[in-house]
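Heads up, the thing below is written out as structure tokens.
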Amino acid sequence: MSVPSVEHKPHHHIRTESLPGDTLKPRVVLVGNPNVGKSVVFNYLSGLYVDVSNFPGTTVEVAKASYLHYDLFDTPGVYGVSSFNDEERVARDIILNADIIVNIVDAVHLERDLFLTQQLIDMGKRVCVVVNMIDEAKKQKLAVDLATLEEELDVPVLGTVAIRKEGLDGIHALITRAREGRQREALHAELHRMLSVVGSQAEALLVLEGDPIVAARHGIAAADAARREEIYIDRRNRVNRIVHHVVKDVQTRKLLSTRIGRASVSPWFGFPILAFVLYLVYLFVGVFVAQDVVGVTEGDIGKGIVEFHIKEFVAAHAAVTVTATVLDDEDEVIEERAERFANGVRGEAHRWRSMRAWVAERPVEYDFVYENPWLVLFFGEFGAVTMTLTYLIFLLLPLVLGFYFALSVLEDSGYLPRLATLVDRTLRFVGLNGRAVIPLILGFGCVTMATITTRLLGTQREKTIATTILQLAIPCSAQLGVIAALLATAGVQATLIYTGVIFAFLVLVGTIMNRSLPGEISPLLIDLPAMRLPQMNNVMKKTGFKTWFFMKEASPWFFIGALAVSILQVTGALVHIMDALQPLVTGWLQLPREAATAFVMGLVRRDFGAAGLYDLSLSPYQTVAALVTITLFVPCVASLMVMLKERGLREGMIIWVGSLVLAIGIGGVVSQVLL
Amino acid sequence: MMLNHLAKGLRARITALPDGEIRSQFIRLGLVEGAEVRCMDRLPGGTIIVEFCRQEIALSGELAASIAIDQL
């Protein structure tokens, strides 16, 4: 290709489409590989008010904040700009619409990171570069010449140690100096010739690099893979040459990896370490949070104080029957007393006082049965308001905080990619890639939370398979405690059968989906970052944000679910449904008829479902059949709603109906075989 | 010889990469034809971890089986 003599005069490229929440402020976008410390810089610049939303048309989350007079955007960590997976597609579009790009790179891995830098420059964007982790470079005896780097790239460069906030005060000045960098003349000219067809130089480059989506937007065909390879190789060589001038290895190149980092992916120590880490997570979340903390928050504070006061307040002047059940230390009933207050507890205050006096200081449970159906609907036994409040704030919130905290620690310590590497081979059996381990682990906490997390999986295919497995086979923490207790009573053989059936089912579903869905499992190709002690500051902030956005997103669904069941109960429809299920429950599943109640309740709160079985004194085999059904059964209404939102109505309903059929079908098969 | 057969501790030079999008992903990371890698670990099931230019990169067995190398 001859080099045309096109004079490059200064010019402006037209601003293209809008981004979510668009204002007319200039957009600054943070771009960089995963693990370079991008989120630390983003947090530093954004302060407290961050808005996280879905990029339109995808389930990838985008963080946006205000920084001085700019709109600041964070992007998912990517190694290059293209359309290989969902994260790259989102990053690509945010980058295309950026006014200024702050590219963050790792001082220790410039050979790798500068590829993206050069690509951004080739796109003709205004770029500035933050070379982070210069302390690490020093530790590894690498001399990085930032001045030469600035000269070679022709964009401003700043050295930082973001995690210690060193150098970050220079970012403001850096951003104002951001400019177009040094590009290959021939390539630049070719991109310019395409400007009449595509909107911008950046889009022209992407089209030349074979991006089908950007090309389709302008009604042309993308260049072929050979062209992309040509451009990529040339860029690779340019970057290698730059690095050669900028980085000097003062001692022989040595991989600095901590003993722990090495051991954690070694064949001998890797798996024991993994087991240990999972055990720690279980101890922290499963025992400390789920049992101890929640015991206090849900039991003592939630039910004992908050719910009680709300119900008492509502009962002030309404007709109500109050039953006080006095318990002993083992939660066994000592005595019970019921009183009807035709004019409410404040209307007949003296009787209420005497009832309270009778209870004295003894542990007690109050049951308020209102006569007005509207009150029952919102404040009764399954009262939409009281139940949602207790569930969300006193049960779910501590649990979600705990899980996200554990996840953030794993993430910031650099362990997560190692975890994904270790389990990758195993997860292939169920049609998933190593990184799916995160939503699967979270599923044991809350399937709703895990379903939302499937967003971080790269392809639609993976998201579908992971969501199906979550909804079908993973019991959430609400159920786990009760399931464990029931299995303990049922004995070892029952436990083995139960675990075996669920596990086999998991593998079967994963394999079938893997075969039938188009596409393949993304091959594992990940960079293992150095392991380090997580920064508590960062971890706390991350945990706080993720929890806040989850609660904001999921709360309405929990409320709707509770309301729906409450309506069913008040109208009497619940009883009809349970009667309709009788033949299935007693005939096919061979369980007592009350089990139907447990199943329906499981829709609202999974622990109600499992707990309902507790009172039925089932035989060991009956327990297995019931538990298999309940585990495979669709999880609570909230996770159903979130699944419909994430996967869409059609796919979501297929999964839901499928799980219903499978749960009852397999539960019944197990029952018929065993009993 | 293919990368998935490289024994632990040994070095090799990459001679051929597989076609497709994955090829571009390799080029971005710097793993091009002529690049030198060293095998750090091999996990049961085929997953292999290589050292390349101060990076530790984990690859699935299938991917490693599609990369041709010359042992050094």
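Each chain of the structure tokens is named A, B, ... in the order shown, its residues numbered from 1; ligands are numbered from 1 in display order.
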Contact check, chain B to chain A, at most 10 Å, counting only C-alpha atoms, closest pairs as CSV:
```
residue,atom,partner,partner_atom,distance
B:Asp19,CA,A:Ala225,CA,9.1
B:Gly20,CA,A:Ala225,CA,7.6
B:Glu21,CA,A:Phe84,CA,7.3
B:Ile22,CA,A:Pro523,CA,8.7
B:Arg23,CA,A:Glu229,CA,8.4
B:Ser24,CA,A:Glu229,CA,6.9
B:Gln25,CA,A:Tyr79,CA,7.9
B:Phe26,CA,A:Leu525,CA,8.8
B:Ile27,CA,A:Tyr232,CA,7.0
B:Arg28,CA,A:Phe115,CA,6.1
B:Leu29,CA,A:Arg112,CA,5.1
B:Gly30,CA,A:Arg112,CA,5.9
B:Leu31,CA,A:Arg112,CA,9.3
B:Val32,CA,A:Ile233,CA,8.4
B:Met40,CA,A:Ser266,CA,8.5
B:Asp41,CA,A:Ser266,CA,6.0
B:Arg42,CA,A:Pro267,CA,6.8
B:Leu43,CA,A:Pro267,CA,5.1
B:Pro44,CA,A:Pro267,CA,6.8
B:Gly45,CA,A:Arg425,CA,6.1
B:Gly46,CA,A:Arg425,CA,7.9
B:Thr47,CA,A:Arg425,CA,7.3
B:Ile48,CA,A:Thr421,CA,9.2
B:Ile49,CA,A:Val265,CA,8.3
B:Val50,CA,A:Asp527,CA,9.8
B:Glu51,CA,A:Leu255,CA,7.6
B:Phe52,CA,A:Leu255,CA,8.7
B:Cys53,CA,A:His109,CA,7.9
B:Arg54,CA,A:Leu255,CA,5.0
B:Gln55,CA,A:Asp527,CA,6.9
B:Glu56,CA,A:Leu528,CA,5.3
B:Ile57,CA,A:Asp527,CA,4.4
B:Ala58,CA,A:Ile526,CA,5.3
B:Leu59,CA,A:Leu525,CA,4.7
B:Ser60,CA,A:Leu524,CA,4.9
B:Gly61,CA,A:Leu524,CA,8.6
B:Glu62,CA,A:Pro523,CA,7.6
B:Leu63,CA,A:Pro523,CA,6.5
B:Ala64,CA,A:Leu525,CA,9.7
```
Task: Residues within 10 Å of Val570 in chain A, only C-alpha atoms, excluding chain neighbours under 3 positions, as a PyMOL selection string - done: chain A and resi 373-374+376-377+380+382-383+565-567+573-575
Save the residues we just selected, C-alpha atoms, as a tab-separated table (two decimals), in the first residue's frame?
```
chain	number	residue	atom	x	y	z
A	373	PRO	CA	-58.28	-8.08	55.46
A	374	TRP	CA	-56.32	-5.06	54.23
A	376	VAL	CA	-53.76	-8.75	57.12
A	377	LEU	CA	-52.53	-8.22	53.61
A	380	GLY	CA	-50.46	-10.03	58.93
A	382	PHE	CA	-47.39	-12.99	55.57
A	383	GLY	CA	-47.85	-9.26	55.65
A	565	VAL	CA	-48.48	-14.63	48.46
A	566	SER	CA	-50.25	-12.45	50.99
A	567	ILE	CA	-53.02	-11.81	48.48
A	573	ALA	CA	-56.73	-18.81	46.90
A	574	LEU	CA	-53.74	-20.30	48.68
A	575	VAL	CA	-55.87	-23.06	50.14
```
Open item on the list: Neighbouring residues of Asn343 in chain A were defined as those with any atom within 10 Å, considering only C-alpha atoms; residues of the same chain fewer than 5 positions away were excluded. Please report them as a ChimeraX atom specification.
Closed with: /A:315-320,348-349
Hey, can you spit out that residue selection with C-alpha atoms as a PDB file, in the first residue's frame?
```pdb
ATOM      1  CA  ALA A 315     -53.313  -2.749  66.036  1.00  0.00           C
ATOM      2  CA  ALA A 316     -53.825   0.456  67.989  1.00  0.00           C
ATOM      3  CA  HIS A 317     -57.451   0.957  67.041  1.00  0.00           C
ATOM      4  CA  ALA A 318     -58.194  -1.991  64.801  1.00  0.00           C
ATOM      5  CA  ALA A 319     -60.009  -5.151  65.740  1.00  0.00           C
ATOM      6  CA  VAL A 320     -57.408  -7.765  66.434  1.00  0.00           C
ATOM      7  CA  GLU A 348     -58.499  -1.125  75.318  1.00  0.00           C
ATOM      8  CA  ALA A 349     -55.184  -0.136  76.764  1.00  0.00           C
TER       9      ALA A 349
END
```
- [ ] Calculate how many Å separate CA of Pro212 in chain A from CA of Glu190 in chain A, rounding to one decimal.
- [x] 18.6 Å
- [ ] Would you list, as an MDAnalysis selection string, the residues of range 286-450 of chain A that end up in strand (DSSP E) under DSSP run on this structure's backbone?
- [x] chainID A and resid 320:327 333:341 364:370
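Closest approach to Glu87 in chain A among A:Thr323, A:Asn54, A:Gln118, A:Thr586: A:Asn54, based on only C-alpha atoms.
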Task: In range 368-431 of chain A, DSSP helix (DSSP H, G or I) residues written as an NGL selection string - done: :A and (373-379 or 384-412 or 416-430)
Filtering to N, CA and C atoms, could you give me those residues as a compact mmCIF listing (two decimals), in the first residue's frame?
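Writing the result to part.txt gives the following:
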```txt
# COMPACT_ATOMS: atom_id res chain seq x y z
N PRO A 373 -59.14 -7.36 56.42
CA PRO A 373 -58.28 -8.08 55.46
C PRO A 373 -57.17 -7.23 54.88
N TRP A 374 -57.39 -5.91 54.75
CA TRP A 374 -56.32 -5.06 54.23
C TRP A 374 -55.13 -5.04 55.17
N LEU A 375 -55.42 -5.04 56.46
CA LEU A 375 -54.34 -5.05 57.43
C LEU A 375 -53.59 -6.38 57.38
N VAL A 376 -54.39 -7.43 57.20
CA VAL A 376 -53.76 -8.75 57.12
C VAL A 376 -52.82 -8.80 55.92
N LEU A 377 -53.31 -8.21 54.84
CA LEU A 377 -52.53 -8.22 53.61
C LEU A 377 -51.14 -7.62 53.82
N PHE A 378 -51.12 -6.47 54.54
CA PHE A 378 -49.84 -5.78 54.66
C PHE A 378 -49.08 -6.07 55.95
N PHE A 379 -49.84 -6.40 57.00
CA PHE A 379 -49.15 -6.56 58.27
C PHE A 379 -49.39 -7.90 58.96
N ALA A 384 -47.14 -8.19 53.61
CA ALA A 384 -46.16 -7.73 52.63
C ALA A 384 -45.18 -6.75 53.23
N VAL A 385 -45.66 -5.84 54.05
CA VAL A 385 -44.77 -4.84 54.61
C VAL A 385 -43.85 -5.43 55.67
N THR A 386 -44.44 -6.07 56.68
CA THR A 386 -43.61 -6.56 57.78
C THR A 386 -42.66 -7.64 57.33
N MET A 387 -43.15 -8.57 56.52
CA MET A 387 -42.28 -9.68 56.11
C MET A 387 -41.14 -9.19 55.25
N THR A 388 -41.45 -8.31 54.28
CA THR A 388 -40.39 -7.79 53.41
C THR A 388 -39.36 -7.03 54.21
N LEU A 389 -39.85 -6.19 55.11
CA LEU A 389 -38.93 -5.38 55.92
C LEU A 389 -37.96 -6.25 56.70
N THR A 390 -38.53 -7.22 57.43
CA THR A 390 -37.67 -8.09 58.23
C THR A 390 -36.71 -8.85 57.35
N TYR A 391 -37.25 -9.40 56.26
CA TYR A 391 -36.42 -10.22 55.39
C TYR A 391 -35.29 -9.41 54.78
N LEU A 392 -35.64 -8.26 54.21
CA LEU A 392 -34.63 -7.47 53.51
C LEU A 392 -33.57 -6.91 54.43
N ILE A 393 -34.00 -6.25 55.49
CA ILE A 393 -33.04 -5.52 56.30
C ILE A 393 -32.35 -6.39 57.33
N PHE A 394 -33.09 -7.32 57.89
CA PHE A 394 -32.49 -8.05 59.00
C PHE A 394 -31.95 -9.42 58.64
N LEU A 395 -32.37 -9.96 57.49
CA LEU A 395 -31.84 -11.26 57.09
C LEU A 395 -30.93 -11.11 55.87
N LEU A 396 -31.48 -10.51 54.82
CA LEU A 396 -30.74 -10.46 53.56
C LEU A 396 -29.56 -9.50 53.61
N LEU A 397 -29.79 -8.32 54.17
CA LEU A 397 -28.73 -7.32 54.16
C LEU A 397 -27.43 -7.79 54.80
N PRO A 398 -27.46 -8.32 56.03
CA PRO A 398 -26.20 -8.81 56.60
C PRO A 398 -25.57 -9.89 55.74
N LEU A 399 -26.41 -10.75 55.16
CA LEU A 399 -25.89 -11.85 54.34
C LEU A 399 -25.21 -11.34 53.09
N VAL A 400 -25.86 -10.41 52.41
CA VAL A 400 -25.30 -9.87 51.18
C VAL A 400 -24.02 -9.10 51.47
N LEU A 401 -24.04 -8.32 52.56
CA LEU A 401 -22.82 -7.59 52.97
C LEU A 401 -21.68 -8.59 53.19
N GLY A 402 -21.98 -9.66 53.89
CA GLY A 402 -20.97 -10.66 54.18
C GLY A 402 -20.40 -11.27 52.92
N PHE A 403 -21.26 -11.66 51.99
CA PHE A 403 -20.80 -12.29 50.76
C PHE A 403 -19.99 -11.34 49.90
N TYR A 404 -20.49 -10.11 49.74
CA TYR A 404 -19.76 -9.17 48.91
C TYR A 404 -18.43 -8.80 49.55
N PHE A 405 -18.40 -8.79 50.87
CA PHE A 405 -17.13 -8.52 51.55
C PHE A 405 -16.13 -9.62 51.23
N ALA A 406 -16.57 -10.87 51.38
CA ALA A 406 -15.67 -11.99 51.09
C ALA A 406 -15.22 -11.93 49.63
N LEU A 407 -16.15 -11.63 48.75
CA LEU A 407 -15.81 -11.57 47.32
C LEU A 407 -14.81 -10.46 47.03
N SER A 408 -15.01 -9.28 47.65
CA SER A 408 -14.09 -8.17 47.43
C SER A 408 -12.69 -8.48 47.95
N VAL A 409 -12.64 -9.16 49.09
CA VAL A 409 -11.32 -9.54 49.61
C VAL A 409 -10.63 -10.49 48.64
N LEU A 410 -11.39 -11.48 48.15
CA LEU A 410 -10.80 -12.43 47.21
C LEU A 410 -10.33 -11.73 45.94
N GLU A 411 -11.14 -10.75 45.51
CA GLU A 411 -10.83 -10.03 44.29
C GLU A 411 -9.57 -9.18 44.45
N ASP A 412 -9.56 -8.37 45.51
CA ASP A 412 -8.45 -7.45 45.72
C ASP A 412 -7.15 -8.14 46.09
N LEU A 416 -8.84 -14.40 43.02
CA LEU A 416 -9.95 -14.82 42.17
C LEU A 416 -9.55 -15.46 40.83
N PRO A 417 -8.63 -14.86 40.07
CA PRO A 417 -8.24 -15.52 38.82
C PRO A 417 -7.61 -16.89 39.08
N ARG A 418 -6.93 -17.05 40.20
CA ARG A 418 -6.32 -18.34 40.53
C ARG A 418 -7.41 -19.36 40.83
N LEU A 419 -8.43 -18.89 41.53
CA LEU A 419 -9.57 -19.76 41.83
C LEU A 419 -10.22 -20.22 40.54
N ALA A 420 -10.40 -19.27 39.62
CA ALA A 420 -11.03 -19.63 38.34
C ALA A 420 -10.17 -20.63 37.58
N THR A 421 -8.85 -20.48 37.65
CA THR A 421 -7.94 -21.40 36.96
C THR A 421 -8.09 -22.80 37.52
N LEU A 422 -8.15 -22.91 38.84
CA LEU A 422 -8.22 -24.23 39.46
C LEU A 422 -9.52 -24.96 39.13
N VAL A 423 -10.62 -24.23 39.11
CA VAL A 423 -11.90 -24.91 38.91
C VAL A 423 -12.31 -24.97 37.45
N ASP A 424 -11.53 -24.35 36.57
CA ASP A 424 -11.91 -24.30 35.15
C ASP A 424 -12.21 -25.68 34.58
N ARG A 425 -11.31 -26.60 34.78
CA ARG A 425 -11.47 -27.95 34.22
C ARG A 425 -12.75 -28.61 34.73
N THR A 426 -13.00 -28.44 36.03
CA THR A 426 -14.19 -29.04 36.64
C THR A 426 -15.46 -28.42 36.07
N LEU A 427 -15.45 -27.10 35.92
CA LEU A 427 -16.66 -26.45 35.47
C LEU A 427 -16.97 -26.76 34.02
N ARG A 428 -15.95 -27.21 33.26
CA ARG A 428 -16.23 -27.59 31.89
C ARG A 428 -17.22 -28.73 31.81
N PHE A 429 -17.30 -29.54 32.85
CA PHE A 429 -18.26 -30.64 32.87
C PHE A 429 -19.68 -30.14 32.84
N VAL A 430 -19.89 -28.94 33.36
CA VAL A 430 -21.24 -28.40 33.31
C VAL A 430 -21.34 -27.29 32.29
```
TODO: Go through B:Leu72, B:Arg38, B:Glu33, B:Met1 one by one, measure the shortest atom-to-atom distance of each to Pro18 in chain B using only C-alpha atoms, and give the residue with the smallest value.
DONE: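 Ranking B:Leu72, B:Arg38, B:Glu33, B:Met1 by distance to Pro18 in chain B, first place goes to B:Glu33.
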Open item on the list: Rounded to one decimal, what separation in Å do you get between CA of Met355 in chain A and CA of Asn372 in chain A?
Closed with: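 Answer for the CA of Met355 in chain A to CA of Asn372 in chain A separation: 22.1 Å.
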TODO: Please indicate the distance in Å from CA of Phe599 in chain A to CA of Ala450 in chain A, rounded to one decimal place.
DONE: 22.1 Å
